[in-house]
Amino acid sequence: MVDLVDEPDSIARYREWHKPGGPPQAVSDAIRADGVTDLQIWMIGDRMVMIMEQDIALAPDGATKRAQDAANPDVQAWDALMRTFQRPLPFAPNVTWVEMERIYALDEQP
């Protein structure tokens, strides 16, 4: 989860960047190379939730992923641009996307 800067023009620009063809191809390629098979961002107001499915067999460990992203100038430029729109959650000031914990699933209920 992450919040956006709560300014209508900024939110509109963020939405534009995420339309089909908006993100640089190198960024989409890097995501797919990590075994991500589906990634969606859902939004309400200035709050966003990312839902991602990943083939764990293709997913790098955290340290490898950070090193790959740090060495990719396109990913770095995209991340820097997106951070201008994003506002970290109050309880995680140094984290952009905060991983959520699933606490309920209907298919697990009797």
# chains A, B, ... in the order shown; residues from 1 in each chain; ligands from 1
call {"tool": "select_by_dssp", "arguments": {"residues": "chain A", "states": "helix (DSSP H, G or I)", "output": "count of residues only"}}
result
46
call {"tool": "residues_around", "arguments": {"residues": "Asp55 in chain A", "least_positions_apart": "2", "cutoff": "12 Å", "atoms": "only C-alpha atoms", "output": "MDAnalysis selection string"}}
result
chainID A and resid 31:39 52:53 57:60
call {"tool": "write_last_selection", "arguments": {"atoms": "C-alpha atoms", "output": "CSV table (one decimal), in the first residue's frame"}}
result
chain,number,residue,atom,x,y,z
A,31,ILE,CA,9.0,-6.4,-13.6
A,32,ARG,CA,8.3,-9.4,-15.9
A,33,ALA,CA,12.0,-10.6,-15.5
A,34,ASP,CA,11.3,-11.0,-11.8
A,35,GLY,CA,8.6,-13.6,-12.5
A,36,VAL,CA,5.7,-11.2,-12.0
A,37,THR,CA,2.8,-12.7,-13.9
A,38,ASP,CA,0.2,-10.2,-12.9
A,39,LEU,CA,0.4,-6.8,-11.3
A,52,MET,CA,0.9,-8.9,-7.5
A,53,GLU,CA,1.2,-12.5,-8.6
A,57,ALA,CA,10.7,-20.0,-9.1
A,58,LEU,CA,11.7,-16.9,-11.1
A,59,ALA,CA,11.7,-14.4,-8.3
A,60,PRO,CA,15.0,-13.1,-7.1
call {"tool": "closest_residue", "arguments": {"among": "A:Arg47, A:Arg66, A:Arg102, A:Arg83", "to": "Met1 in chain A", "atoms": "only C-alpha atoms"}}
result
A:Arg47
call {"tool": "residues_around", "arguments": {"residues": "range 7-23 of chain A", "least_positions_apart": "4", "cutoff": "12 Å", "atoms": "only C-alpha atoms", "output": "list in words"}}
result
Asp3, Val27, Ser28, Asp29, Ala30, Ile31, Leu39, Gln40, Ile41, Trp42, Met43, Ile44, Gly45, Asp46, Arg47, Met48, Asp74, Val75, Ala77, Trp78, Asp79, Leu81, Met82, Arg83, Thr84, Phe85, Gln86 and Arg87 of chain A
call {"tool": "write_last_selection", "arguments": {"atoms": "N, CA, C and O atoms", "output": "compact mmCIF listing (two decimals), in the first residue's frame"}}
result
# COMPACT_ATOMS: atom_id res chain seq x y z
N ASP A 3 0.18 5.83 -0.25
CA ASP A 3 -0.70 6.96 -0.50
C ASP A 3 -0.04 7.88 -1.51
O ASP A 3 1.19 7.92 -1.63
N VAL A 27 10.99 -0.71 -17.67
CA VAL A 27 10.43 -0.95 -16.34
C VAL A 27 9.51 -2.16 -16.38
O VAL A 27 9.59 -3.06 -15.52
N SER A 28 8.63 -2.22 -17.37
CA SER A 28 7.75 -3.38 -17.51
C SER A 28 8.55 -4.66 -17.73
O SER A 28 8.23 -5.72 -17.17
N ASP A 29 9.61 -4.57 -18.52
CA ASP A 29 10.48 -5.73 -18.76
C ASP A 29 11.14 -6.19 -17.46
O ASP A 29 11.23 -7.40 -17.21
N ALA A 30 11.60 -5.25 -16.65
CA ALA A 30 12.25 -5.60 -15.38
C ALA A 30 11.26 -6.29 -14.43
O ALA A 30 11.62 -7.24 -13.74
N ILE A 31 10.04 -5.82 -14.41
CA ILE A 31 9.01 -6.44 -13.56
C ILE A 31 8.76 -7.87 -14.03
O ILE A 31 8.75 -8.81 -13.22
N LEU A 39 0.20 -7.87 -12.21
CA LEU A 39 0.39 -6.78 -11.26
C LEU A 39 -0.70 -5.76 -11.55
O LEU A 39 -0.85 -5.32 -12.68
N GLN A 40 -1.46 -5.44 -10.52
CA GLN A 40 -2.52 -4.46 -10.65
C GLN A 40 -2.38 -3.44 -9.52
O GLN A 40 -1.99 -3.80 -8.41
N ILE A 41 -2.71 -2.20 -9.82
CA ILE A 41 -2.76 -1.16 -8.79
C ILE A 41 -4.20 -0.67 -8.75
O ILE A 41 -4.75 -0.27 -9.78
N TRP A 42 -4.79 -0.73 -7.57
CA TRP A 42 -6.16 -0.27 -7.34
C TRP A 42 -6.08 1.00 -6.52
O TRP A 42 -5.20 1.15 -5.68
N MET A 43 -7.01 1.92 -6.77
CA MET A 43 -6.94 3.23 -6.16
C MET A 43 -8.31 3.70 -5.69
O MET A 43 -9.31 3.47 -6.37
N ILE A 44 -8.32 4.36 -4.55
CA ILE A 44 -9.50 5.07 -4.07
C ILE A 44 -8.99 6.36 -3.44
O ILE A 44 -8.12 6.32 -2.57
N GLY A 45 -9.46 7.48 -3.93
CA GLY A 45 -8.97 8.76 -3.43
C GLY A 45 -7.47 8.86 -3.67
O GLY A 45 -7.01 8.78 -4.80
N ASP A 46 -6.70 9.01 -2.58
CA ASP A 46 -5.25 9.10 -2.71
C ASP A 46 -4.55 7.84 -2.19
O ASP A 46 -3.35 7.82 -2.03
N ARG A 47 -5.31 6.78 -1.94
CA ARG A 47 -4.74 5.53 -1.40
C ARG A 47 -4.72 4.46 -2.49
O ARG A 47 -5.67 4.30 -3.24
N MET A 48 -3.59 3.73 -2.56
CA MET A 48 -3.44 2.69 -3.56
C MET A 48 -3.04 1.37 -2.93
O MET A 48 -2.34 1.34 -1.91
N ASP A 74 16.85 2.83 -15.90
CA ASP A 74 15.45 3.07 -16.23
C ASP A 74 14.56 2.84 -15.01
O ASP A 74 13.63 3.61 -14.75
N VAL A 75 14.83 1.78 -14.27
CA VAL A 75 14.06 1.50 -13.04
C VAL A 75 14.31 2.61 -12.02
O VAL A 75 13.37 3.08 -11.37
N ALA A 77 15.15 5.76 -12.60
CA ALA A 77 14.48 7.00 -13.04
C ALA A 77 12.97 6.91 -12.81
O ALA A 77 12.35 7.87 -12.35
N TRP A 78 12.37 5.75 -13.11
CA TRP A 78 10.94 5.55 -12.89
C TRP A 78 10.61 5.66 -11.40
O TRP A 78 9.67 6.35 -11.01
N ASP A 79 11.40 5.00 -10.57
CA ASP A 79 11.17 5.04 -9.12
C ASP A 79 11.28 6.47 -8.59
O ASP A 79 10.43 6.92 -7.81
N LEU A 81 10.79 9.26 -10.26
CA LEU A 81 9.64 10.02 -10.74
C LEU A 81 8.39 9.67 -9.93
O LEU A 81 7.66 10.55 -9.49
N MET A 82 8.15 8.37 -9.70
CA MET A 82 6.94 7.96 -8.98
C MET A 82 6.96 8.44 -7.53
O MET A 82 5.92 8.79 -6.97
N ARG A 83 8.13 8.52 -6.93
CA ARG A 83 8.22 9.00 -5.54
C ARG A 83 7.79 10.46 -5.41
O ARG A 83 7.38 10.89 -4.34
N THR A 84 7.85 11.22 -6.49
CA THR A 84 7.39 12.61 -6.43
C THR A 84 5.89 12.69 -6.25
O THR A 84 5.36 13.71 -5.82
N PHE A 85 5.19 11.62 -6.60
CA PHE A 85 3.73 11.56 -6.47
C PHE A 85 3.28 10.86 -5.19
O PHE A 85 2.16 11.05 -4.74
N GLN A 86 4.15 10.01 -4.65
CA GLN A 86 3.77 9.15 -3.54
C GLN A 86 4.08 9.76 -2.18
O GLN A 86 5.02 10.54 -2.04
N ARG A 87 3.27 9.37 -1.21
CA ARG A 87 3.44 9.85 0.17
C ARG A 87 3.49 8.61 1.07
O ARG A 87 2.50 7.88 1.19
call {"tool": "decode", "arguments": {"residues": "range 61-93 of chain A", "atoms": "N, CA, C and O atoms", "output": "short mmCIF file (atom, residue, chain, number, x, y, z; two decimals), in the first residue's frame"}}
result
data_model
loop_
_atom_site.label_atom_id
_atom_site.label_comp_id
_atom_site.auth_asym_id
_atom_site.auth_seq_id
_atom_site.Cartn_x
_atom_site.Cartn_y
_atom_site.Cartn_z
N ASP A 61 15.80 -13.14 -4.78
CA ASP A 61 15.67 -12.80 -3.37
C ASP A 61 15.76 -11.28 -3.22
O ASP A 61 16.12 -10.58 -4.17
N GLY A 62 15.42 -10.77 -2.05
CA GLY A 62 15.36 -9.33 -1.83
C GLY A 62 16.65 -8.59 -2.15
O GLY A 62 16.63 -7.54 -2.79
N ALA A 63 17.78 -9.14 -1.72
CA ALA A 63 19.07 -8.48 -1.95
C ALA A 63 19.39 -8.43 -3.45
O ALA A 63 19.87 -7.41 -3.96
N THR A 64 19.13 -9.52 -4.15
CA THR A 64 19.38 -9.57 -5.59
C THR A 64 18.48 -8.57 -6.31
O THR A 64 18.93 -7.84 -7.20
N LYS A 65 17.22 -8.54 -5.93
CA LYS A 65 16.26 -7.61 -6.55
C LYS A 65 16.71 -6.16 -6.34
O LYS A 65 16.71 -5.36 -7.28
N ARG A 66 17.10 -5.82 -5.13
CA ARG A 66 17.56 -4.45 -4.86
C ARG A 66 18.79 -4.12 -5.70
O ARG A 66 18.91 -3.02 -6.24
N ALA A 67 19.72 -5.07 -5.84
CA ALA A 67 20.93 -4.84 -6.63
C ALA A 67 20.58 -4.68 -8.11
O ALA A 67 21.14 -3.79 -8.78
N GLN A 68 19.66 -5.52 -8.62
CA GLN A 68 19.26 -5.41 -10.03
C GLN A 68 18.60 -4.06 -10.29
O GLN A 68 18.91 -3.40 -11.29
N ASP A 69 17.72 -3.65 -9.40
CA ASP A 69 17.04 -2.36 -9.58
C ASP A 69 18.02 -1.20 -9.49
O ASP A 69 17.93 -0.24 -10.24
N ALA A 70 18.97 -1.29 -8.56
CA ALA A 70 19.95 -0.22 -8.39
C ALA A 70 20.85 -0.08 -9.62
O ALA A 70 21.31 1.02 -9.94
N ALA A 71 21.06 -1.19 -10.34
CA ALA A 71 21.92 -1.16 -11.52
C ALA A 71 21.16 -0.81 -12.80
O ALA A 71 21.78 -0.66 -13.86
N ASN A 72 19.85 -0.67 -12.72
CA ASN A 72 19.05 -0.40 -13.91
C ASN A 72 18.64 1.08 -13.90
O ASN A 72 17.77 1.48 -13.14
N PRO A 73 19.25 1.90 -14.77
CA PRO A 73 18.95 3.34 -14.75
C PRO A 73 17.49 3.65 -15.08
O PRO A 73 16.93 4.63 -14.58
N ASP A 74 16.85 2.83 -15.90
CA ASP A 74 15.45 3.07 -16.23
C ASP A 74 14.56 2.84 -15.01
O ASP A 74 13.63 3.61 -14.75
N VAL A 75 14.83 1.78 -14.27
CA VAL A 75 14.06 1.50 -13.04
C VAL A 75 14.31 2.61 -12.02
O VAL A 75 13.37 3.08 -11.37
N GLN A 76 15.56 3.05 -11.90
CA GLN A 76 15.88 4.12 -10.95
C GLN A 76 15.16 5.42 -11.31
O GLN A 76 14.62 6.11 -10.44
N ALA A 77 15.15 5.76 -12.60
CA ALA A 77 14.48 7.00 -13.04
C ALA A 77 12.97 6.91 -12.81
O ALA A 77 12.35 7.87 -12.35
N TRP A 78 12.37 5.75 -13.11
CA TRP A 78 10.94 5.55 -12.89
C TRP A 78 10.61 5.66 -11.40
O TRP A 78 9.67 6.35 -11.01
N ASP A 79 11.40 5.00 -10.57
CA ASP A 79 11.17 5.04 -9.12
C ASP A 79 11.28 6.47 -8.59
O ASP A 79 10.43 6.92 -7.81
N ALA A 80 12.27 7.20 -9.05
CA ALA A 80 12.44 8.59 -8.59
C ALA A 80 11.26 9.45 -9.03
O ALA A 80 10.76 10.27 -8.24
N LEU A 81 10.79 9.26 -10.26
CA LEU A 81 9.64 10.02 -10.74
C LEU A 81 8.39 9.67 -9.93
O LEU A 81 7.66 10.55 -9.49
N MET A 82 8.15 8.37 -9.70
CA MET A 82 6.94 7.96 -8.98
C MET A 82 6.96 8.44 -7.53
O MET A 82 5.92 8.79 -6.97
N ARG A 83 8.13 8.52 -6.93
CA ARG A 83 8.22 9.00 -5.54
C ARG A 83 7.79 10.46 -5.41
O ARG A 83 7.38 10.89 -4.34
N THR A 84 7.85 11.22 -6.49
CA THR A 84 7.39 12.61 -6.43
C THR A 84 5.89 12.69 -6.25
O THR A 84 5.36 13.71 -5.82
N PHE A 85 5.19 11.62 -6.60
CA PHE A 85 3.73 11.56 -6.47
C PHE A 85 3.28 10.86 -5.19
O PHE A 85 2.16 11.05 -4.74
N GLN A 86 4.15 10.01 -4.65
CA GLN A 86 3.77 9.15 -3.54
C GLN A 86 4.08 9.76 -2.18
O GLN A 86 5.02 10.54 -2.04
N ARG A 87 3.27 9.37 -1.21
CA ARG A 87 3.44 9.85 0.17
C ARG A 87 3.49 8.61 1.07
O ARG A 87 2.50 7.88 1.19
N PRO A 88 4.63 8.33 1.69
CA PRO A 88 4.73 7.14 2.54
C PRO A 88 3.67 7.15 3.65
O PRO A 88 3.25 8.21 4.11
N LEU A 89 3.28 5.97 4.04
CA LEU A 89 2.32 5.84 5.13
C LEU A 89 2.98 6.32 6.42
O LEU A 89 4.18 6.14 6.62
N PRO A 90 2.22 6.92 7.34
CA PRO A 90 2.79 7.51 8.55
C PRO A 90 3.61 6.55 9.40
O PRO A 90 4.60 6.95 10.00
N PHE A 91 3.24 5.29 9.43
CA PHE A 91 3.93 4.33 10.28
C PHE A 91 5.13 3.68 9.58
O PHE A 91 5.83 2.88 10.17
N ALA A 92 5.37 4.03 8.31
CA ALA A 92 6.50 3.49 7.55
C ALA A 92 7.12 4.61 6.72
O ALA A 92 7.07 4.59 5.49
N PRO A 93 7.72 5.60 7.37
CA PRO A 93 8.17 6.81 6.66
C PRO A 93 9.26 6.59 5.62
O PRO A 93 9.40 7.40 4.71
#
